[in-house]
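Student: Sharing a structure below in structure tokens format, with a few things to ask.
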Amino acid sequence: MATAEIGLVGLGVMGAALARNLHSRKLTVAGYNREADILQAFAKDYGDDRFVLTDDYAKFCAALHTPRRILIMVTAGPAVDAVLQSLAPHLQAEDIVVDGGNSHWSDTQRRDAWCRERGFRFVGMGVSGGEQGALEGPAMMPGGDLQAWERLAPVLRLAAAQSDHGPCVAHCGAGGAGHFVKMVHNGIEYADMQLLAEAWSVLRRTLKPVEVAQVFEEWRHGPLASFLVDVSALVLSKRDPKGRGPLVDQIVDAAGQKGTGRWTVEAALELGIPVPTICAALEARGVSSLRSLRSAVAAELGESEQPPALEPDDLENALHAARIAAYAQGFQLLAEASRVHSFGTDLASVARIWTAGCILRGVLLERLLEAFQRKPDLPLLLLDPDLAEVVVAARPALRRVVAECAQAGVPVPAFSSALAWLDGMALARGSAALIQAQRDCFGAHTYRRVLAPDQPVHTLWSDLEDLG
């Protein structure tokens with residue numbers, strides 16, 4: 001007998017939390033997991049008559065009202081395709097299957113076409129907020145089929161995080177737009193985390209651990225207030241249970257990654273949008289993984305012990321400017337992807353979704369939402385007068401942080417890239433004229449003159465052999 005209003009495939013950490021979230025909204029939820037022990041543990045801990053649990057796809061689909069709404073929460077990649085293959089024989093026209101994992105947006109477009117051929121609908125949806133967000137209300141970024149979104153919306157709005165601007169879920173555009181938006185969210189997250197880590201690295205050279213933790217605690221209540229600052233303050237206040245000081249000092253300094261940061265940089269390269277602060281964060285994780293090589297190089301070159309001469313206020317202001325730079329890069333990438341791939345992504349809607357529930361939530365998102373509400377077609381966040389005013393005021397501190405750290409030998413790649421990008425974007429005429437002349441000189445690639453920018457020109461430069 002069909003009793004469930006929505007189904008969850010995959011009752012791992014995120015799937016179980018989302019199932020419980022939906023159940024708490026007074027919905028009857030069908031749950032599938034191929035491992036019987038996971039089903040049994042879930043039933044023991046949370047089961048009641050509004051959970052219909054099974055390890056059989058036919059029974060799972062039979063338990064759902066038609067047209068069905070099914071949310072897949074399994075590891076991105078082949079596992080998603082395997083679930084679709086198993087579900088397909090039990091689905092019918094107008095059923096909707098949603099991939100809520102961190103799938104690559106191009107895989108989402110491929111799966112959408114595959115499902116359409118078989119007569120049912122497919123939606124790729126980014127979900128952010130971790131286990132707690134999934135349980136209490138995540139930010140959700142569905143894309144693809146608009147009619148499918150309209151049928152999913154009542155349920156997703158119930159489960160989503162709630163901010164002052166409404167439920168943190170909205171249709172993000174056609175095709176793979178939902179997963180593209182989530183990918184960029186994660187790319188910005190890489191940058192934000194790296195900037196905070198660099199700030200910690202600078203502070204710990206001049207302050208005691210308890211003082212560093214206090215600085216982050218103070219940042220929680222100002223313009224930097226955000227979930228990631230909250231997390232950082234909590235982590236830095238935690239003592240090692242084995243009595244060896246701050247727990248963070250006992251953690252191996254090699255950062256992991258699951259691919260979304262790399263995908264963001266790859267997409268930016270393909271679309272010709274510079275995202276240097278996101279890229280610097282990705283590369284910093286790569287450098288962190290080379291621990292044995294770093295130890296060998298440190299023995300050869302020596303480590304600097306000179307602390308940067310900076311005040312916490314400098315770091316706070318530098319963080320403010322650098323974070324705006326990182327978010328501006330990410331939103332510019334979203335805008336270009338929407339144009340090239342015909343997503344139709346509403347940037348104001350994306351900013352609104354991210355104001356609660358997701359990892360990026362914080363005061364800055366409110367400022368970005370206001371900027372897009374003032375001018376929905378804003379081509380770059382730096383062109384918003386209010387944000388520009390903040391950057392102008394904070395950029396001198398960012399410059400001091402980068403300069404002092406360079407002098408002291410303290411690597412701050414995300415801060416440095418943010419400053420270089422801000423300076424480069426504020427330079428009406430830069431250095432690329434020489435590069436174009438070089439390219440034309442050795443490869444006849446042509447260039448364009450200032451007074452006739454639409455006309456390619458080639459110059460017969462002197463023979464390179466004559467230069468010798």
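Within each chain, counting starts at residue 1; across the structure tokens, chains are named A, B, ... in the order shown, with ligands numbered 1 upward in that order.
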So that I can see what lies close to A:Asp56, please list as number ranges by chain the residues with an atom at most 9 Å from it, counting only C-alpha atoms and leaving out residues fewer than 5 positions away in the same chain.

Tutor: A: 32-34, 61

Student: Quick one: DSSP alpha helix (DSSP H) residues in stretch 193-327 of chain A, as a PyMOL selection string?

Tutor: chain A and resi 193-203+209-219+227-237+260-271+276-288+291-301+312-327

Student: Can you pull out the residues contacting A:Asp37? Cut-off 12 Å, using only C-alpha atoms, and skip same-chain residues under 3 positions away; I want them as a PyMOL selection string.

Tutor: chain A and resi 11-12+32-34+40-44+53-55

Student: Between A:Ile96, A:Trp114, A:Gln407, A:Trp219, which one has atoms that come closest to A:Glu150, using only C-alpha atoms?

Tutor: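 Smallest distance to A:Glu150 is found for A:Ile96.
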
Student: Interatomic distance between atom CA of A:His320 and atom CA of A:Gly133?

Tutor: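 About the pair atom CA of A:His320 and atom CA of A:Gly133: they are 25.2 Å apart.
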
Student: Please identify the strand (DSSP E or B) residues within stretch 138-276 of chain A (assignment by DSSP from backbone atoms) and present them as an MDAnalysis selection string.

Tutor: chainID A and resid 139:142 162:163 166:167 169 226 239 246

Student: Go ahead and write the selection's residues with N, CA, C and O atoms as an mmCIF file, in the first residue's frame.

Tutor:
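Dumped everything to again04.cif:
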data_model
loop_
_atom_site.group_PDB
_atom_site.id
_atom_site.type_symbol
_atom_site.label_atom_id
_atom_site.label_comp_id
_atom_site.auth_asym_id
_atom_site.auth_seq_id
_atom_site.Cartn_x
_atom_site.Cartn_y
_atom_site.Cartn_z
ATOM 1 N N ALA A 139 20.526 24.344 3.293
ATOM 2 C CA ALA A 139 20.299 25.127 2.085
ATOM 3 C C ALA A 139 20.302 24.148 0.921
ATOM 4 O O ALA A 139 21.192 23.302 0.826
ATOM 5 N N MET A 140 19.316 24.273 0.037
ATOM 6 C CA MET A 140 19.186 23.318 -1.061
ATOM 7 C C MET A 140 19.109 24.057 -2.391
ATOM 8 O O MET A 140 18.420 25.068 -2.502
ATOM 9 N N MET A 141 19.828 23.519 -3.380
ATOM 10 C CA MET A 141 20.000 24.178 -4.663
ATOM 11 C C MET A 141 19.586 23.261 -5.806
ATOM 12 O O MET A 141 20.421 22.691 -6.498
ATOM 13 N N PRO A 142 18.286 23.077 -6.046
ATOM 14 C CA PRO A 142 17.838 22.231 -7.146
ATOM 15 C C PRO A 142 17.908 22.948 -8.492
ATOM 16 O O PRO A 142 17.719 24.164 -8.562
ATOM 17 N N GLN A 162 15.375 28.087 7.293
ATOM 18 C CA GLN A 162 14.540 29.287 7.188
ATOM 19 C C GLN A 162 15.374 30.499 7.619
ATOM 20 O O GLN A 162 15.944 30.503 8.699
ATOM 21 N N SER A 163 15.452 31.505 6.760
ATOM 22 C CA SER A 163 16.114 32.754 7.121
ATOM 23 C C SER A 163 15.068 33.867 7.139
ATOM 24 O O SER A 163 13.883 33.628 6.888
ATOM 25 N N GLY A 166 13.033 33.855 3.942
ATOM 26 C CA GLY A 166 12.213 32.728 3.534
ATOM 27 C C GLY A 166 12.983 31.429 3.518
ATOM 28 O O GLY A 166 14.131 31.354 3.971
ATOM 29 N N PRO A 167 12.358 30.348 2.986
ATOM 30 C CA PRO A 167 13.031 29.047 2.924
ATOM 31 C C PRO A 167 14.277 29.118 2.040
ATOM 32 O O PRO A 167 14.240 29.724 0.962
ATOM 33 N N VAL A 169 15.766 27.527 -0.231
ATOM 34 C CA VAL A 169 15.725 26.643 -1.381
ATOM 35 C C VAL A 169 15.043 27.400 -2.508
ATOM 36 O O VAL A 169 14.107 28.169 -2.277
ATOM 37 N N SER A 226 30.084 34.549 10.844
ATOM 38 C CA SER A 226 29.669 33.522 9.898
ATOM 39 C C SER A 226 29.785 32.165 10.569
ATOM 40 O O SER A 226 30.412 32.011 11.622
ATOM 41 N N ARG A 239 40.658 21.989 23.923
ATOM 42 C CA ARG A 239 41.917 21.505 24.473
ATOM 43 C C ARG A 239 42.110 20.029 24.125
ATOM 44 O O ARG A 239 41.147 19.267 24.000
ATOM 45 N N PRO A 246 46.366 23.128 22.954
ATOM 46 C CA PRO A 246 45.252 23.205 22.006
ATOM 47 C C PRO A 246 45.205 21.964 21.109
ATOM 48 O O PRO A 246 46.234 21.521 20.590
#

Student: Using only C-alpha atoms, which protein or nucleic acid residues come within 12 Å of A:Ile353? Drop anything in the same chain fewer than 5 positions from it, and give the result as a ChimeraX atom specification.

Tutor: /A:126-129,137-142,157,160-172,178,181-182,185,346-348,358-362,365-366,368-369

Student: Could you tell me how far atom CA of A:Ile6 sits from atom CA of A:Asn186, in Å to one decimal place?

Tutor: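 Rounded to one decimal, the two atoms are 27.2 Å apart.
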
Student: Do you have the atom CA of A:Pro223-atom CA of A:Lys238 distance handy?

Tutor: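 Atom-to-atom, atom CA of A:Pro223 and atom CA of A:Lys238 are spaced 23.9 Å apart.
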
Student: Report as a list in words all protein, DNA and RNA residues lying within 10 Å of stretch 450-456 of chain A, evaluated on only C-alpha atoms, omitting residues in the same chain fewer than 4 positions from it.

Tutor: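 That gives Ala433, His445 and Thr446 of chain A.
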
Student: So, counting only C-alpha atoms, which residue among A:Leu422, A:Met1, A:Ala356, A:Leu146 is closest to A:Gly344?

Tutor: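 For A:Gly344, the nearest of the given residues is A:Leu146.
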
Student: Skip A:Ala437 itself and residues of its chain fewer than 2 positions away, then list as a list in words all residues within 12 Å of it, counting only C-alpha atoms.

Tutor: Ser431, Ala432, Ala433, Leu434, Ile435, Arg439, Asp440, Cys441, Phe442, Gly443, Ala444, His445, Thr446, Tyr447, Arg448, Arg449, Val457, His458, Thr459, Leu460 and Trp461 of chain A

Student: Export C-alpha atoms of the chosen residues as an mmCIF file, in the first residue's frame?

Tutor:
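Written file, part25.cif:
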data_model
loop_
_atom_site.group_PDB
_atom_site.id
_atom_site.type_symbol
_atom_site.label_atom_id
_atom_site.label_comp_id
_atom_site.auth_asym_id
_atom_site.auth_seq_id
_atom_site.Cartn_x
_atom_site.Cartn_y
_atom_site.Cartn_z
ATOM 1 C CA SER A 431 50.708 44.596 -18.391
ATOM 2 C CA ALA A 432 49.020 42.451 -21.052
ATOM 3 C CA ALA A 433 49.969 44.761 -23.950
ATOM 4 C CA LEU A 434 53.542 43.459 -23.803
ATOM 5 C CA ILE A 435 52.297 39.862 -23.705
ATOM 6 C CA ARG A 439 52.844 36.587 -28.888
ATOM 7 C CA ASP A 440 52.654 38.445 -32.180
ATOM 8 C CA CYS A 441 56.431 38.713 -32.412
ATOM 9 C CA PHE A 442 57.230 35.013 -31.997
ATOM 10 C CA GLY A 443 53.982 33.462 -33.242
ATOM 11 C CA ALA A 444 52.161 35.989 -35.424
ATOM 12 C CA HIS A 445 49.120 35.735 -33.135
ATOM 13 C CA THR A 446 48.121 39.379 -33.893
ATOM 14 C CA TYR A 447 47.083 42.064 -31.471
ATOM 15 C CA ARG A 448 44.512 44.897 -31.392
ATOM 16 C CA ARG A 449 45.211 48.599 -31.231
ATOM 17 C CA VAL A 457 46.799 43.602 -36.502
ATOM 18 C CA HIS A 458 50.105 41.846 -37.231
ATOM 19 C CA THR A 459 53.450 43.638 -37.232
ATOM 20 C CA LEU A 460 56.618 42.468 -38.981
ATOM 21 C CA TRP A 461 58.932 42.750 -35.986
#

Student: Taking only C-alpha atoms into account, name the residue in A:Asp99, A:Asp253, A:Glu94, A:Glu35 that is nearest to A:Arg291.

Tutor: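 Ranked by minimum distance to A:Arg291, first place goes to A:Asp253.
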
Student: Out of A:Ile273, A:Val52, A:Ala284, A:Ala17, which residue has the shortest atom-to-atom distance to A:Gly256 when counting only C-alpha atoms?

Tutor: A:Ala284
